[in-house]
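J.: So here's final30.csv (CSV, C-alpha atoms and all ligand atoms).
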```csv
chain,number,residue,atom,x,y,z
X,626,MET,CA,9.6,-4.4,-14.9
X,627,ALA,CA,8.0,-3.5,-11.6
X,628,SER,CA,7.9,0.0,-10.0
X,629,VAL,CA,8.8,-0.4,-6.4
X,630,PHE,CA,7.3,1.8,-3.7
X,631,CYS,CA,8.0,1.8,0.0
X,632,VAL,CA,5.2,3.0,2.3
X,633,ALA,CA,6.9,4.6,5.3
X,634,ASN,CA,6.4,6.8,8.3
X,635,GLN,CA,8.2,6.2,11.5
X,636,LYS,CA,5.1,7.3,13.4
X,637,GLY,CA,2.9,4.5,14.6
X,638,GLY,CA,-0.7,4.1,13.6
X,639,VAL,CA,-0.8,6.6,10.8
X,640,GLY,CA,-2.2,4.4,8.1
X,641,LYS,CA,0.8,2.7,6.5
X,642,THR,CA,-0.7,-0.7,6.4
X,643,THR,CA,-4.2,0.5,5.5
X,644,THR,CA,-2.6,2.3,2.6
X,645,SER,CA,-0.4,-0.6,1.6
X,646,VAL,CA,-3.2,-3.2,1.4
X,647,ASN,CA,-5.7,-0.9,-0.2
X,648,LEU,CA,-3.3,0.5,-2.8
X,649,ALA,CA,-2.3,-3.0,-3.6
X,650,ALA,CA,-5.9,-4.2,-4.0
X,651,GLY,CA,-6.8,-1.0,-5.9
X,652,LEU,CA,-4.0,-1.5,-8.3
X,653,ALA,CA,-5.0,-5.2,-8.7
X,654,GLN,CA,-8.5,-4.1,-9.6
X,655,LEU,CA,-7.0,-1.9,-12.3
X,656,GLY,CA,-5.4,-5.0,-13.8
X,657,GLN,CA,-1.9,-4.4,-12.4
X,658,ARG,CA,0.2,-7.3,-11.3
X,659,VAL,CA,1.1,-6.5,-7.7
X,660,LEU,CA,3.3,-7.9,-4.9
X,661,LEU,CA,2.9,-6.7,-1.4
X,662,VAL,CA,6.0,-7.2,0.9
X,663,ASP,CA,5.2,-7.0,4.6
X,664,LEU,CA,8.3,-5.8,6.4
X,665,ASP,CA,6.6,-5.3,9.7
X,666,PRO,CA,6.9,-8.0,12.4
X,667,GLN,CA,3.3,-7.1,13.4
X,668,GLY,CA,2.2,-8.9,10.2
X,669,ASN,CA,-0.8,-6.6,9.8
X,670,ALA,CA,-0.5,-6.3,6.0
X,671,THR,CA,-0.3,-10.1,5.8
X,672,MET,CA,-3.4,-10.6,7.9
X,673,GLY,CA,-5.2,-7.7,6.1
X,674,SER,CA,-4.5,-9.4,2.8
X,675,GLY,CA,-6.3,-12.6,4.0
X,676,ILE,CA,-3.2,-14.6,4.7
X,677,ASP,CA,-2.8,-16.0,8.2
X,678,LYS,CA,0.6,-14.9,9.6
X,679,ARG,CA,0.6,-17.9,12.0
X,680,ASP,CA,0.7,-20.3,9.0
X,681,LEU,CA,3.8,-18.8,7.5
X,682,THR,CA,6.6,-21.2,7.5
X,683,PRO,CA,8.8,-19.8,6.1
X,684,SER,CA,8.1,-16.0,6.0
X,685,VAL,CA,9.9,-13.0,4.6
X,686,TYR,CA,12.3,-13.3,7.6
X,687,GLN,CA,13.9,-16.5,6.2
X,688,VAL,CA,14.2,-14.9,2.8
X,689,LEU,CA,16.0,-11.8,4.2
X,690,LEU,CA,18.4,-14.0,6.0
X,691,GLY,CA,19.2,-16.0,2.9
X,692,MET,CA,17.7,-19.2,4.3
X,693,THR,CA,15.1,-19.7,1.6
X,694,ALA,CA,14.0,-18.5,-1.8
X,695,VAL,CA,11.2,-15.9,-2.4
X,696,ALA,CA,9.3,-18.6,-4.4
X,697,GLU,CA,8.9,-20.6,-1.1
X,698,VAL,CA,7.2,-17.7,0.7
X,699,ARG,CA,5.3,-15.8,-2.0
X,700,ARG,CA,1.5,-16.5,-1.7
X,701,HIS,CA,-1.3,-15.3,-3.8
X,702,SER,CA,-4.3,-13.9,-2.0
X,703,ASP,CA,-7.3,-14.8,-4.2
X,704,LYS,CA,-9.6,-12.4,-2.2
X,705,ALA,CA,-7.3,-9.4,-2.4
X,706,GLY,CA,-6.0,-10.1,-5.9
X,707,TYR,CA,-2.3,-9.8,-5.4
X,708,ASP,CA,0.7,-11.7,-4.1
X,709,VAL,CA,2.1,-11.3,-0.6
X,710,LEU,CA,5.5,-11.9,0.9
X,711,GLY,CA,4.2,-12.3,4.4
X,712,ALA,CA,5.7,-11.5,7.8
X,713,ASN,CA,5.1,-12.5,11.4
X,714,ARG,CA,6.8,-11.8,14.8
X,715,GLU,CA,9.9,-13.9,13.8
X,716,LEU,CA,10.8,-10.9,11.7
X,717,ALA,CA,11.5,-8.8,14.8
X,718,GLY,CA,14.8,-10.8,15.2
X,719,ALA,CA,16.0,-9.6,11.8
X,720,GLU,CA,16.6,-6.0,13.1
X,721,VAL,CA,19.5,-7.5,15.1
X,722,GLU,CA,20.5,-10.5,13.0
X,723,LEU,CA,20.9,-8.5,9.8
X,724,VAL,CA,23.5,-6.3,11.3
X,725,ASP,CA,26.4,-8.7,10.8
X,726,LEU,CA,25.4,-9.8,7.3
X,727,ASP,CA,26.8,-8.8,4.0
X,728,ARG,CA,24.9,-6.1,2.2
X,729,ARG,CA,22.6,-5.7,5.2
X,730,GLU,CA,20.8,-2.7,3.8
X,731,HIS,CA,20.4,-4.2,0.3
X,732,ARG,CA,19.1,-7.7,1.3
X,733,LEU,CA,15.5,-6.9,0.1
X,734,LYS,CA,16.6,-5.3,-3.1
X,735,ASP,CA,18.8,-8.3,-3.9
X,736,LEU,CA,16.0,-10.8,-3.3
X,737,LEU,CA,13.4,-8.9,-5.3
X,738,ARG,CA,15.6,-8.5,-8.3
X,739,PRO,CA,14.8,-11.9,-9.9
X,740,ILE,CA,11.1,-11.5,-9.5
X,741,MET,CA,10.8,-7.9,-10.8
X,742,PRO,CA,9.6,-9.0,-14.2
X,743,ASP,CA,6.6,-10.8,-12.6
X,744,TYR,CA,5.0,-7.5,-11.4
X,745,ASP,CA,3.9,-4.0,-12.4
X,746,PHE,CA,4.0,-2.8,-8.8
X,747,ILE,CA,5.8,-4.0,-5.7
X,748,LEU,CA,4.7,-2.3,-2.5
X,749,ILE,CA,6.6,-2.5,0.8
X,750,ASP,CA,4.8,-2.0,4.1
X,751,THR,CA,7.3,-1.0,6.9
X,752,PRO,CA,7.2,-0.9,10.7
X,753,PRO,CA,6.9,2.3,12.7
X,754,SER,CA,10.6,2.9,13.1
X,755,LEU,CA,13.6,3.9,10.9
X,756,GLY,CA,15.6,0.8,11.7
X,757,LEU,CA,17.2,-1.8,9.5
X,758,LEU,CA,13.9,-3.2,8.2
X,759,THR,CA,12.6,0.1,7.0
X,760,LEU,CA,16.1,0.9,5.6
X,761,ASN,CA,15.9,-2.3,3.5
X,762,GLY,CA,12.5,-1.1,2.2
X,763,LEU,CA,13.9,2.3,1.3
X,764,CYS,CA,17.0,0.8,-0.4
X,765,ALA,CA,14.8,-1.5,-2.5
X,766,ALA,CA,12.4,1.2,-3.7
X,767,GLN,CA,12.3,3.9,-6.3
X,768,GLY,CA,9.8,5.9,-4.4
X,769,VAL,CA,8.5,6.5,-0.9
X,770,ILE,CA,4.8,7.0,-0.2
X,771,VAL,CA,4.2,8.7,3.2
X,772,PRO,CA,0.7,8.4,4.6
X,773,MET,CA,0.1,11.1,7.2
X,774,GLN,CA,-2.6,12.5,9.3
X,775,CYS,CA,-3.0,16.3,9.1
X,776,GLU,CA,-2.2,17.1,12.7
X,777,TYR,CA,0.4,19.3,14.3
X,778,PHE,CA,2.9,16.7,15.3
X,779,ALA,CA,2.7,15.0,12.0
X,780,LEU,CA,4.7,17.8,10.5
X,781,GLU,CA,7.4,17.5,13.1
X,782,GLY,CA,8.0,13.8,12.4
X,783,LEU,CA,8.0,14.5,8.7
X,784,SER,CA,11.3,16.4,8.8
X,785,ASP,CA,13.0,13.3,10.3
X,786,LEU,CA,11.6,11.1,7.6
X,787,VAL,CA,12.6,13.5,4.8
X,788,ASN,CA,16.1,13.6,6.2
X,789,THR,CA,16.3,9.9,6.3
X,790,VAL,CA,15.1,9.7,2.7
X,791,ARG,CA,17.8,12.2,1.8
X,792,GLN,CA,20.5,10.2,3.6
X,793,VAL,CA,19.4,6.9,2.0
X,794,HIS,CA,19.4,8.6,-1.4
X,795,ALA,CA,23.0,9.9,-0.8
X,796,LYS,CA,24.5,6.8,0.7
X,797,PHE,CA,22.7,3.8,-0.5
X,798,ASN,CA,20.1,4.3,-3.2
X,799,PRO,CA,20.5,7.2,-5.7
X,800,GLU,CA,17.2,6.2,-7.4
X,801,LEU,CA,15.1,6.9,-4.3
X,802,VAL,CA,12.7,9.9,-4.4
X,803,LEU,CA,9.9,11.0,-2.1
X,804,ILE,CA,6.9,10.3,-4.5
X,805,GLY,CA,4.4,11.9,-2.3
X,806,LEU,CA,2.5,12.6,0.9
X,807,LEU,CA,-0.9,11.0,1.2
X,808,ARG,CA,-3.4,12.7,3.5
X,809,VAL,CA,-5.2,9.9,5.4
X,810,MET,CA,-8.0,9.7,8.0
X,811,PHE,CA,-8.9,13.2,6.8
X,812,ASP,CA,-11.8,15.0,8.3
X,813,PRO,CA,-12.5,18.3,6.5
X,814,ARG,CA,-14.7,19.5,9.3
X,815,ILE,CA,-11.7,19.9,11.6
X,816,THR,CA,-10.1,23.3,11.0
X,817,LEU,CA,-6.7,22.2,12.2
X,818,GLN,CA,-6.7,19.4,9.6
X,819,GLN,CA,-7.5,21.9,6.8
X,820,GLN,CA,-4.7,24.2,8.0
X,821,VAL,CA,-2.1,21.4,8.1
X,822,SER,CA,-3.3,20.3,4.7
X,823,GLU,CA,-2.7,23.8,3.3
X,824,GLN,CA,0.7,24.0,5.0
X,825,LEU,CA,1.7,20.7,3.4
X,826,LYS,CA,0.7,21.9,0.0
X,827,THR,CA,2.7,25.1,0.5
X,828,HIS,CA,5.8,23.3,1.6
X,829,PHE,CA,5.6,20.2,-0.6
X,830,GLY,CA,3.6,21.4,-3.6
X,831,ALA,CA,3.1,18.6,-6.2
X,832,LYS,CA,4.5,16.1,-3.8
X,833,VAL,CA,1.2,16.1,-2.0
X,834,PHE,CA,-1.1,13.6,-3.7
X,835,ASP,CA,-4.3,14.9,-5.1
X,836,SER,CA,-6.2,11.9,-3.6
X,837,VAL,CA,-7.3,12.4,0.0
X,838,ILE,CA,-8.4,9.4,2.1
X,839,PRO,CA,-11.2,10.2,4.5
X,840,ARG,CA,-11.7,8.7,8.0
X,841,ASN,CA,-14.0,5.9,7.2
X,842,VAL,CA,-15.0,3.1,9.5
X,843,ARG,CA,-15.3,0.5,6.7
X,844,LEU,CA,-11.5,0.7,6.2
X,845,ALA,CA,-11.0,0.0,9.9
X,846,GLU,CA,-13.4,-2.9,9.9
X,847,ALA,CA,-12.0,-4.7,6.8
X,848,PRO,CA,-8.9,-6.2,8.4
X,849,SER,CA,-10.9,-8.2,10.8
X,850,TYR,CA,-12.5,-9.9,7.7
X,851,GLY,CA,-9.0,-10.5,6.3
X,852,GLN,CA,-9.7,-8.2,3.4
X,853,PRO,CA,-8.6,-4.8,2.1
X,854,GLY,CA,-11.3,-2.2,2.4
X,855,VAL,CA,-11.5,-1.8,-1.4
X,856,VAL,CA,-12.6,-5.5,-1.6
X,857,PHE,CA,-14.7,-5.6,1.6
X,858,ASP,CA,-16.9,-2.7,0.7
X,859,LYS,CA,-16.0,-1.3,-2.7
X,860,SER,CA,-18.6,1.5,-2.6
X,861,SER,CA,-17.6,2.9,0.8
X,862,ARG,CA,-16.1,6.4,0.8
X,863,GLY,CA,-12.7,5.0,2.0
X,864,ALA,CA,-12.6,2.4,-0.7
X,865,VAL,CA,-13.5,4.9,-3.5
X,866,ALA,CA,-10.7,7.2,-2.2
X,867,TYR,CA,-8.1,4.4,-2.3
X,868,LEU,CA,-9.3,3.4,-5.8
X,869,ASP,CA,-8.7,7.0,-6.9
X,870,PHE,CA,-5.3,6.9,-5.3
X,871,ALA,CA,-4.5,3.7,-7.2
X,872,GLN,CA,-5.4,5.5,-10.4
X,873,GLU,CA,-3.3,8.5,-9.4
X,874,MET,CA,-0.3,6.1,-8.8
X,875,VAL,CA,-0.7,4.5,-12.2
X,876,ARG,CA,-0.8,8.0,-13.8
X,877,ARG,CA,2.3,9.1,-11.9
X,878,VAL,CA,4.3,6.0,-12.9
X,879,ARG,CA,3.4,6.6,-16.5
X,880,ALA,CA,4.4,10.3,-16.3
X,881,PRO,CA,7.8,11.1,-17.8
X,882,ALA,CA,9.4,12.3,-14.5
X,883,ILE,CA,8.9,9.0,-12.7
X,884,ALA,CA,9.1,6.8,-15.7
X,885,ALA,CA,12.7,8.1,-16.1
X,886,VAL,CA,13.5,7.1,-12.5
X,887,ALA,CA,11.9,3.7,-13.0
T,901,LIG,P1,1.7,0.8,12.6
T,901,LIG,O1,2.6,1.9,12.7
T,901,LIG,O2,1.4,0.1,13.9
T,901,LIG,O3,2.2,-0.2,11.6
T,901,LIG,P2,0.1,1.9,10.6
T,901,LIG,O4,0.8,3.1,10.3
T,901,LIG,O5,0.3,0.7,9.6
T,901,LIG,O6,0.3,1.4,12.1
T,901,LIG,P3,-2.7,1.3,10.3
T,901,LIG,O7,-2.6,0.0,11.0
T,901,LIG,O8,-2.9,1.3,8.8
T,901,LIG,O9,-1.5,2.2,10.6
T,901,LIG,O10,-3.9,2.2,10.9
T,901,LIG,C1,-4.0,2.4,12.3
T,901,LIG,C2,-5.5,2.3,12.7
T,901,LIG,O11,-6.2,3.2,12.1
T,901,LIG,C3,-6.0,0.9,12.3
T,901,LIG,O12,-6.9,0.5,13.3
T,901,LIG,C4,-6.8,1.2,11.0
T,901,LIG,O13,-7.9,0.3,10.8
T,901,LIG,C5,-7.3,2.6,11.3
T,901,LIG,N1,-7.4,3.4,10.0
T,901,LIG,C6,-6.4,3.6,9.1
T,901,LIG,N2,-6.8,4.4,8.1
T,901,LIG,C7,-8.1,4.7,8.4
T,901,LIG,C8,-9.1,5.5,7.8
T,901,LIG,N3,-8.9,6.2,6.6
T,901,LIG,N4,-10.3,5.6,8.4
T,901,LIG,C9,-10.6,5.0,9.6
T,901,LIG,N5,-9.7,4.2,10.2
T,901,LIG,C10,-8.5,4.1,9.6
T,902,MG,MG,1.3,-1.1,10.0
```
What's the structure tokens form of this structure?
Ligand code: ATP
Ligand code: MG
T.:
Amino acid sequence: MASVFCVANQKGGVGKTTTSVNLAAGLAQLGQRVLLVDLDPQGNATMGSGIDKRDLTPSVYQVLLGMTAVAEVRRHSDKAGYDVLGANRELAGAEVELVDLDRREHRLKDLLRPIMPDYDFILIDTPPSLGLLTLNGLCAAQGVIVPMQCEYFALEGLSDLVNTVRQVHAKFNPELVLIGLLRVMFDPRITLQQQVSEQLKTHFGAKVFDSVIPRNVRLAEAPSYGQPGVVFDKSSRGAVAYLDFAQEMVRRVRAPAIAAVA
């Protein structure tokens, strides 16, 4: 049965999609069966997995609205090594259209249920907001992975996100836990980044992942080739770090605390 993780941070451009596609590809390289769900109308995770968002008819949008089945939308990316439920700009309409539907917060959870046995990991990439799409991601997941840059304002935004996770836990999804904070685009030469990293460890302790993702241009180049960085240049520093992170996730899922939640 799949472990489901939502990659979330309401701040834009912090590395959610880069983390989603590279973790998915890293897990696939470790022999795990992975589905990546793109819940962002920008469709970056879809494109970054080598699937053209313009060819998606239907997309995850129609599945969320109950107009089609997952099987009609799910596509395997041979290059990336995992399955994708792709998104494109159509999905922007869902923020509004879901409002009047039954179980609006649980639509994604309900549609994933029948395909849970097909995967070891389901990862959900979310848009930079705490709207209904992200809420669907949080309601479907057992854990939240928060990529963040170690800068001053990152900490400020984090308290909003932690509060949202608490509220979702209390109201909608008692399984949900904050699995961890992933330091991304990290540059150890910058003193402020080191300081923020230390503060994070002080406040969040074991919830800060051991793996640290460096700023690495190969990770930024990979999407334009329709590939995750760990496939595009496996030996680059960024790819090695994401492969480490994939291993850390496999270890965490097997650890008793999370296994109990799963
Ligand atoms: P959005 O909020 O718009 O969905 P996001 O949080 O998904 O953004 P990404 O798209 O993953 O963020 O990353 C933002 C930009 O930073 C992209 O151009 C990406 O290629 C680049 N980037 C992400 N991680 C790294 C890294 N470790 N090193 C260098 N560039 C990176
Ligand atoms: Mg993104």
J.: Would you give me, as CSV, each residue of segment 642-702 of chain X having an atom within 12 Å of an atom of segment 802-812 of chain X, along with its shortest atom pair and that distance in Å to one decimal, using only C-alpha atoms and sorting by chain and residue number?
T.:
```
residue,atom,partner,partner_atom,distance
X:Thr642,CA,X:Val809,CA,11.6
X:Thr643,CA,X:Val809,CA,9.5
X:Thr644,CA,X:Val809,CA,8.5
X:Ser645,CA,X:Leu807,CA,11.6
X:Leu648,CA,X:Leu807,CA,11.5
```
J.: Just want the 12 Å neighbourhood of Leu760 of chain X, counted on all atoms listed in the file, with same-chain residues fewer than 4 positions away dropped. Output as JSON, numbers by chain.
T.: {"X": [631, 632, 633, 634, 635, 664, 720, 723, 724, 728, 729, 730, 731, 732, 733, 734, 749, 750, 751, 752, 753, 754, 755, 756, 764, 765, 766, 769, 786, 789, 790, 792, 793, 794, 796, 797, 798, 801]}
J.: Write out as an mmCIF file with C-alpha atoms, in the coordinates of the input the residues lying within 9 Å of Arg699 of chain X, counting only C-alpha atoms and excluding same-chain residues fewer than 3 positions away.
T.:
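In the end it all went to result-v2.cif:
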```
data_model
loop_
_atom_site.group_PDB
_atom_site.id
_atom_site.type_symbol
_atom_site.label_atom_id
_atom_site.label_comp_id
_atom_site.auth_asym_id
_atom_site.auth_seq_id
_atom_site.Cartn_x
_atom_site.Cartn_y
_atom_site.Cartn_z
ATOM 1 C CA LEU X 660 3.300 -7.900 -4.900
ATOM 2 C CA SER X 684 8.100 -16.000 6.000
ATOM 3 C CA VAL X 685 9.900 -13.000 4.600
ATOM 4 C CA VAL X 695 11.200 -15.900 -2.400
ATOM 5 C CA ALA X 696 9.300 -18.600 -4.400
ATOM 6 C CA ASP X 708 0.700 -11.700 -4.100
ATOM 7 C CA VAL X 709 2.100 -11.300 -0.600
ATOM 8 C CA LEU X 710 5.500 -11.900 0.900
ATOM 9 C CA GLY X 711 4.200 -12.300 4.400
#
```
J.: Using atom CA of Leu736 of chain X and atom CA of Val855 of chain X as the two end points, give the distance in Å to one decimal.
T.: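 Spanning atom CA of Leu736 of chain X to atom CA of Val855 of chain X is a straight-line distance of 29.0 Å.
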J.: What does the distance between atom CA of Val771 of chain X and atom CA of Leu716 of chain X come to in Å, to one decimal place?
T.: 22.4 Å
J.: Any chance you could tabulate, as a tab-separated table, the residues of segment 844-878 of chain X at most 9 Å from segment 832-836 of chain X with each one's nearest atom pair and distance in Å to one decimal, using only C-alpha atoms, in chain and rising number order?
T.:
```
residue	atom	partner	partner_atom	distance
X:Ala866	CA	X:Ser836	CA	6.7
X:Tyr867	CA	X:Ser836	CA	7.8
X:Asp869	CA	X:Ser836	CA	6.4
X:Phe870	CA	X:Ser836	CA	5.4
X:Glu873	CA	X:Ser836	CA	7.3
```
J.: Rebuild segment 845-856 of chain X so that it carries N, CA, C and O atoms, then output the result as a PDB file, in the coordinates of the input.
T.:
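The result, written out as selection.pdb:
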```pdb
ATOM      1  N   ALA X 845     -11.463   0.542   8.594  1.00  0.00           N
ATOM      2  CA  ALA X 845     -11.000   0.000   9.900  1.00  0.00           C
ATOM      3  C   ALA X 845     -11.576  -1.378  10.150  1.00  0.00           C
ATOM      4  O   ALA X 845     -10.958  -2.200  10.822  1.00  0.00           O
ATOM      5  N   GLU X 846     -12.773  -1.631   9.635  1.00  0.00           N
ATOM      6  CA  GLU X 846     -13.400  -2.900   9.900  1.00  0.00           C
ATOM      7  C   GLU X 846     -12.855  -4.028   8.983  1.00  0.00           C
ATOM      8  O   GLU X 846     -12.826  -5.199   9.376  1.00  0.00           O
ATOM      9  N   ALA X 847     -12.424  -3.662   7.783  1.00  0.00           N
ATOM     10  CA  ALA X 847     -12.000  -4.700   6.800  1.00  0.00           C
ATOM     11  C   ALA X 847     -10.971  -5.664   7.259  1.00  0.00           C
ATOM     12  O   ALA X 847     -11.119  -6.866   6.998  1.00  0.00           O
ATOM     13  N   PRO X 848      -9.902  -5.223   7.985  1.00  0.00           N
ATOM     14  CA  PRO X 848      -8.900  -6.200   8.400  1.00  0.00           C
ATOM     15  C   PRO X 848      -9.399  -7.357   9.198  1.00  0.00           C
ATOM     16  O   PRO X 848      -8.898  -8.467   9.088  1.00  0.00           O
ATOM     17  N   SER X 849     -10.425  -7.130   9.996  1.00  0.00           N
ATOM     18  CA  SER X 849     -10.900  -8.200  10.800  1.00  0.00           C
ATOM     19  C   SER X 849     -11.646  -9.274   9.956  1.00  0.00           C
ATOM     20  O   SER X 849     -11.922 -10.380  10.415  1.00  0.00           O
ATOM     21  N   TYR X 850     -11.929  -8.931   8.698  1.00  0.00           N
ATOM     22  CA  TYR X 850     -12.500  -9.900   7.700  1.00  0.00           C
ATOM     23  C   TYR X 850     -11.375 -10.448   6.824  1.00  0.00           C
ATOM     24  O   TYR X 850     -11.656 -11.146   5.853  1.00  0.00           O
ATOM     25  N   GLY X 851     -10.121 -10.075   7.108  1.00  0.00           N
ATOM     26  CA  GLY X 851      -9.000 -10.500   6.300  1.00  0.00           C
ATOM     27  C   GLY X 851      -9.103 -10.003   4.850  1.00  0.00           C
ATOM     28  O   GLY X 851      -8.737 -10.687   3.898  1.00  0.00           O
ATOM     29  N   GLN X 852      -9.578  -8.776   4.702  1.00  0.00           N
ATOM     30  CA  GLN X 852      -9.700  -8.200   3.400  1.00  0.00           C
ATOM     31  C   GLN X 852      -9.327  -6.731   3.355  1.00  0.00           C
ATOM     32  O   GLN X 852      -9.562  -6.025   4.335  1.00  0.00           O
ATOM     33  N   PRO X 853      -8.763  -6.278   2.244  1.00  0.00           N
ATOM     34  CA  PRO X 853      -8.600  -4.800   2.100  1.00  0.00           C
ATOM     35  C   PRO X 853      -9.942  -4.149   1.998  1.00  0.00           C
ATOM     36  O   PRO X 853     -10.904  -4.754   1.492  1.00  0.00           O
ATOM     37  N   GLY X 854     -10.037  -2.905   2.457  1.00  0.00           N
ATOM     38  CA  GLY X 854     -11.300  -2.200   2.400  1.00  0.00           C
ATOM     39  C   GLY X 854     -11.878  -2.094   0.994  1.00  0.00           C
ATOM     40  O   GLY X 854     -13.091  -2.168   0.818  1.00  0.00           O
ATOM     41  N   VAL X 855     -11.028  -1.962  -0.015  1.00  0.00           N
ATOM     42  CA  VAL X 855     -11.500  -1.800  -1.400  1.00  0.00           C
ATOM     43  C   VAL X 855     -12.177  -3.095  -1.903  1.00  0.00           C
ATOM     44  O   VAL X 855     -12.905  -3.075  -2.892  1.00  0.00           O
ATOM     45  N   VAL X 856     -11.905  -4.214  -1.220  1.00  0.00           N
ATOM     46  CA  VAL X 856     -12.600  -5.500  -1.600  1.00  0.00           C
ATOM     47  C   VAL X 856     -13.782  -5.678  -0.662  1.00  0.00           C
ATOM     48  O   VAL X 856     -14.853  -6.065  -1.118  1.00  0.00           O
TER      49      VAL X 856
END
```
